[in-house]
2 protein chains.
Amino acid sequence: MESVFEIIAEPTRRAMLSLLVSSQLSVGEIERQLRVPQPTVSKHLRVLREAGFVESTVDAQRRLYRLKPEPLEEVEAWLAPFRRFWSAHVDALERHLDRMGPSAPPKRKTRRKR
Amino acid sequence: MESVFEIIAEPTRRAMLSLLVSSQLSVGEIERQLRVPQPTVSKHLRVLREAGFVESTVDAQRRLYRLKPEPLEEVEAWLAPFRRFWSAHVDALERHLDRMGPSAPPKRKTRRKR
DNA sequence: CACGTATATACCTTTTAGAGTATACAATGC
DNA sequence: GCATTGTATACTCTAAAAGGTATATACGTG
């Protein structure tokens with residue numbers, strides 16, 4: 001599993017990240033909140049940890065997990081160029097049609113169907 | 001493939017979306033720019049189309065593909081709650097440690113190791 | 001030291017996504 | 001009608017991710 005995008009493709013992992021926005025949590029707390037078997041939680045946490053999404057500190061027998069911002073910032077960064085695209089929202093498509101890139105209709109009888 | 005997150009987990013698909021930010025493109029143009037076999041392009045385009053990331057219009061033998069904003073807005077929406085988290089960036093972690101959620105250290109001898 | 005709790009890991013199985021190859025389909029131009 | 005270009009689809013194969021179950025490890029307490 002390389003990219004941050006593959007990491008957040010998994011629904012349970014996204015849920016875990018969302019939980020951790022509010023506060024750090026132990027494995028058991030996550031397990032109870034998400035109603036998911038403990039090994040599953042641990043395995044997903046491992047993936048998240050190795051990808052830098054979370055880090056943990058030891059608290060007696062527990063591990064407290066908290067978010068780390070960097071990987072999600074990567075997602076944010078990738079998303080950025082598209083933002084201009086939906087900022088206009090409703091008429092975005094209309095403007096796009098006018099922009100017309102390198103694929104501008106070549107010679108043919110039927111012009112753009114519409 | 002259900003969620004938008006699984007869709008953008010695939011690197012080639014992300015590349016295709018990024019290409020389409022600038023302008024609409026035909027299958028062949030995408031194929032050449034990404035140096036990827038045509039069936040691969042078509043298959044990924046199908047996935048993107050069915051998930052609402054792109055739409056196509058017919059232009060003689062070609063299909064011109066262009067972006068649709070909605071699905072990426074979904075990603076944006078999911079990401080939003082985390083934004084406050086990295087806005088402070090450097091000291092985000094520090095502040096987080098102070099916030100200390102429900103996992104606040106219980107009774108024990110060794111307090112937070114650090 | 002024996003026991004309970006908290007978490008991690010190992011192993012096995014199922015499922016599915018993606019690649020590759022070949023082929024079908026559609027439109028065009030001669 | 002036939003060849004060519006552009007795109008979609010069908011089929012097969014492989015790899016890998018996720019789940020389930022069992023077990024290991026670590027800590028704390030009596």
# chains A, B, ... in the order shown; residues from 1 in each chain; ligands from 1
$ interface_residues --of "chain A" --to "chain D" --cutoff "10 Å" --atoms "only C-alpha atoms (C1' of nucleotides)" --output "PDB file with N, CA and C atoms, in the first residue's frame"
ATOM      1  N   MET A   1       0.852  -1.206   0.000  1.00  0.00           N
ATOM      2  CA  MET A   1       0.000   0.000   0.000  1.00  0.00           C
ATOM      3  C   MET A   1       0.879   1.244   0.000  1.00  0.00           C
ATOM      4  N   GLU A  10     -10.205   2.846   2.289  1.00  0.00           N
ATOM      5  CA  GLU A  10     -10.881   1.885   3.162  1.00  0.00           C
ATOM      6  C   GLU A  10     -11.811   2.619   4.130  1.00  0.00           C
ATOM      7  N   PRO A  37     -14.237  -5.603  15.289  1.00  0.00           N
ATOM      8  CA  PRO A  37     -13.359  -6.482  16.074  1.00  0.00           C
ATOM      9  C   PRO A  37     -11.974  -5.880  16.321  1.00  0.00           C
ATOM     10  N   PRO A  39      -8.830  -7.048  16.404  1.00  0.00           N
ATOM     11  CA  PRO A  39      -7.723  -7.256  15.464  1.00  0.00           C
ATOM     12  C   PRO A  39      -7.856  -6.377  14.225  1.00  0.00           C
ATOM     13  N   THR A  40      -9.070  -6.202  13.801  1.00  0.00           N
ATOM     14  CA  THR A  40      -9.302  -5.326  12.648  1.00  0.00           C
ATOM     15  C   THR A  40      -8.842  -3.904  12.949  1.00  0.00           C
ATOM     16  N   LYS A  43      -5.089  -3.757  13.026  1.00  0.00           N
ATOM     17  CA  LYS A  43      -4.475  -3.885  11.707  1.00  0.00           C
ATOM     18  C   LYS A  43      -4.591  -2.583  10.917  1.00  0.00           C
ATOM     19  N   HIS A  44      -5.767  -1.974  10.993  1.00  0.00           N
ATOM     20  CA  HIS A  44      -5.940  -0.715  10.276  1.00  0.00           C
ATOM     21  C   HIS A  44      -5.067   0.383  10.893  1.00  0.00           C
ATOM     22  N   ASP A  59       0.449   4.040  27.033  1.00  0.00           N
ATOM     23  CA  ASP A  59      -0.172   4.425  28.299  1.00  0.00           C
ATOM     24  C   ASP A  59      -0.518   3.147  29.031  1.00  0.00           C
ATOM     25  N   ALA A  60       0.398   2.670  29.846  1.00  0.00           N
ATOM     26  CA  ALA A  60       0.237   1.366  30.507  1.00  0.00           C
ATOM     27  C   ALA A  60       0.048   0.301  29.453  1.00  0.00           C
ATOM     28  N   GLN A  61      -1.049  -0.459  29.542  1.00  0.00           N
ATOM     29  CA  GLN A  61      -1.251  -1.478  28.506  1.00  0.00           C
ATOM     30  C   GLN A  61      -1.850  -0.911  27.231  1.00  0.00           C
ATOM     31  N   ARG A  62      -2.310   0.303  27.293  1.00  0.00           N
ATOM     32  CA  ARG A  62      -2.935   0.828  26.092  1.00  0.00           C
ATOM     33  C   ARG A  62      -1.981   1.622  25.205  1.00  0.00           C
TER      34      ARG A  62
END
$ interface_residues --of "chain C" --to "chain B" --cutoff "12 Å" --atoms "only C-alpha atoms (C1' of nucleotides)" --output "PyMOL selection string"
chain C and resi 16-23+25-28
$ write_last_selection --atoms "N, CA and C atoms (P, O5', C5', C4', C3', O3' and C1' of nucleotides)" --output "CSV table (one decimal), in the first residue's frame"
chain,number,residue,atom,x,y,z
C,16,DT,P,-16.5,-9.4,-4.4
C,16,DT,O5',-15.4,-8.4,-5.0
C,16,DT,C5',-14.5,-7.7,-4.1
C,16,DT,C4',-13.3,-7.2,-4.9
C,16,DT,C3',-13.7,-6.8,-6.3
C,16,DT,O3',-13.0,-5.6,-6.6
C,16,DT,C1',-11.9,-8.2,-6.4
C,17,DA,P,-13.7,-4.5,-7.6
C,17,DA,O5',-12.5,-3.5,-7.8
C,17,DA,C5',-11.5,-3.4,-6.7
C,17,DA,C4',-10.1,-3.4,-7.4
C,17,DA,C3',-10.0,-2.6,-8.7
C,17,DA,O3',-8.8,-1.9,-8.7
C,17,DA,C1',-9.3,-4.9,-9.0
C,18,DG,P,-8.7,-0.7,-9.7
C,18,DG,O5',-7.6,-1.2,-10.7
C,18,DG,C5',-6.3,-1.5,-10.2
C,18,DG,C4',-5.6,-2.4,-11.2
C,18,DG,C3',-5.6,-1.9,-12.7
C,18,DG,O3',-4.3,-1.6,-13.0
C,18,DG,C1',-6.1,-4.3,-12.6
C,19,DA,P,-3.9,-1.1,-14.5
C,19,DA,O5',-3.3,-2.5,-15.2
C,19,DA,C5',-2.3,-3.2,-14.4
C,19,DA,C4',-1.8,-4.3,-15.2
C,19,DA,C3',-1.6,-4.0,-16.7
C,19,DA,O3',-0.4,-4.5,-17.2
C,19,DA,C1',-3.2,-5.8,-16.5
C,20,DG,P,0.1,-4.2,-18.7
C,20,DG,O5',-0.4,-5.5,-19.5
C,20,DG,C5',-0.2,-6.8,-19.0
C,20,DG,C4',-0.7,-7.8,-20.0
C,20,DG,C3',-0.6,-7.4,-21.4
C,20,DG,O3',0.0,-8.5,-22.2
C,20,DG,C1',-2.8,-8.0,-20.9
C,21,DT,P,0.4,-8.3,-23.7
C,21,DT,O5',-0.8,-9.0,-24.5
C,21,DT,C5',-1.2,-10.3,-24.0
C,21,DT,C4',-2.5,-10.6,-24.8
C,21,DT,C3',-2.6,-10.2,-26.2
C,21,DT,O3',-2.7,-11.3,-27.1
C,21,DT,C1',-4.6,-9.7,-25.1
C,22,DA,P,-2.7,-11.1,-28.7
C,22,DA,O5',-4.3,-11.3,-29.0
C,22,DA,C5',-5.0,-12.3,-28.2
C,22,DA,C4',-6.5,-12.2,-28.5
C,22,DA,C3',-6.9,-11.9,-29.9
C,22,DA,O3',-7.9,-12.8,-30.3
C,22,DA,C1',-7.8,-10.3,-28.5
C,23,DT,P,-8.5,-12.8,-31.8
C,23,DT,O5',-9.8,-11.9,-31.6
C,23,DT,C5',-10.7,-12.2,-30.6
C,23,DT,C4',-11.8,-11.2,-30.4
C,23,DT,C3',-12.5,-10.8,-31.7
C,23,DT,O3',-13.9,-10.8,-31.5
C,23,DT,C1',-11.9,-8.9,-30.6
C,25,DC,P,-20.3,-7.0,-32.4
C,25,DC,O5',-20.3,-5.4,-32.4
C,25,DC,C5',-20.2,-4.7,-31.2
C,25,DC,C4',-19.9,-3.3,-31.5
C,25,DC,C3',-20.7,-2.7,-32.7
C,25,DC,O3',-21.4,-1.6,-32.2
C,25,DC,C1',-18.4,-2.2,-32.8
C,26,DA,P,-22.5,-0.8,-33.2
C,26,DA,O5',-21.6,0.5,-33.6
C,26,DA,C5',-21.1,1.3,-32.6
C,26,DA,C4',-20.4,2.5,-33.2
C,26,DA,C3',-21.1,3.0,-34.5
C,26,DA,O3',-21.2,4.4,-34.3
C,26,DA,C1',-18.9,2.5,-35.0
C,27,DA,P,-22.1,5.3,-35.3
C,27,DA,O5',-21.0,6.1,-36.1
C,27,DA,C5',-20.1,6.9,-35.4
C,27,DA,C4',-19.0,7.3,-36.4
C,27,DA,C3',-19.4,7.9,-37.7
C,27,DA,O3',-18.8,9.1,-37.8
C,27,DA,C1',-17.8,6.2,-38.0
C,28,DT,P,-19.2,10.0,-39.1
C,28,DT,O5',-17.9,9.8,-40.0
C,28,DT,C5',-16.6,10.0,-39.4
C,28,DT,C4',-15.5,9.6,-40.4
C,28,DT,C3',-15.8,10.2,-41.8
C,28,DT,O3',-14.7,11.1,-42.2
C,28,DT,C1',-15.2,7.9,-41.9
$ atom_distance --atom1 "atom CA of Lys68 of chain A" --atom2 "atom CA of Leu48 of chain A"
9.8 Å
$ interface_residues --of "chain A" --to "chain B" --cutoff "6 Å" --atoms "only C-alpha atoms" --output "JSON, numbers by chain"
{"A": [5, 6, 9, 23, 24, 25, 69, 86, 101, 103]}
$ decode --residues "chain C" --atoms "C-alpha atoms (C1' of nucleotides)" --output "PDB file, in the first residue's frame"
ATOM      1  C1'  DC C   1       3.128 -16.121  40.357  1.00  0.00           C
ATOM      2  C1'  DA C   2      -1.382 -16.529  38.383  1.00  0.00           C
ATOM      3  C1'  DC C   3      -4.815 -13.936  36.263  1.00  0.00           C
ATOM      4  C1'  DG C   4      -7.263 -10.292  33.726  1.00  0.00           C
ATOM      5  C1'  DT C   5      -6.934  -6.707  30.482  1.00  0.00           C
ATOM      6  C1'  DA C   6      -5.157  -4.323  26.313  1.00  0.00           C
ATOM      7  C1'  DT C   7      -3.051  -4.715  22.013  1.00  0.00           C
ATOM      8  C1'  DA C   8      -0.432  -6.832  18.314  1.00  0.00           C
ATOM      9  C1'  DT C   9       0.469 -10.389  15.092  1.00  0.00           C
ATOM     10  C1'  DA C  10       0.306 -14.844  12.372  1.00  0.00           C
ATOM     11  C1'  DC C  11      -2.195 -17.687   9.444  1.00  0.00           C
ATOM     12  C1'  DC C  12      -5.743 -18.851   6.259  1.00  0.00           C
ATOM     13  C1'  DT C  13      -9.446 -17.795   3.024  1.00  0.00           C
ATOM     14  C1'  DT C  14     -12.253 -15.070  -0.003  1.00  0.00           C
ATOM     15  C1'  DT C  15     -12.876 -11.460  -3.091  1.00  0.00           C
ATOM     16  C1'  DT C  16     -11.869  -8.195  -6.376  1.00  0.00           C
ATOM     17  C1'  DA C  17      -9.282  -4.854  -8.985  1.00  0.00           C
ATOM     18  C1'  DG C  18      -6.131  -4.261 -12.565  1.00  0.00           C
ATOM     19  C1'  DA C  19      -3.195  -5.811 -16.469  1.00  0.00           C
ATOM     20  C1'  DG C  20      -2.831  -7.952 -20.906  1.00  0.00           C
ATOM     21  C1'  DT C  21      -4.577  -9.692 -25.109  1.00  0.00           C
ATOM     22  C1'  DA C  22      -7.808 -10.266 -28.488  1.00  0.00           C
ATOM     23  C1'  DT C  23     -11.866  -8.887 -30.550  1.00  0.00           C
ATOM     24  C1'  DA C  24     -16.154  -6.327 -31.435  1.00  0.00           C
ATOM     25  C1'  DC C  25     -18.372  -2.155 -32.790  1.00  0.00           C
ATOM     26  C1'  DA C  26     -18.859   2.503 -34.974  1.00  0.00           C
ATOM     27  C1'  DA C  27     -17.820   6.157 -38.034  1.00  0.00           C
ATOM     28  C1'  DT C  28     -15.166   7.893 -41.913  1.00  0.00           C
ATOM     29  C1'  DG C  29     -13.198   8.139 -46.505  1.00  0.00           C
ATOM     30  C1'  DC C  30     -11.891   6.089 -50.706  1.00  0.00           C
TER      31       DC C  30
END
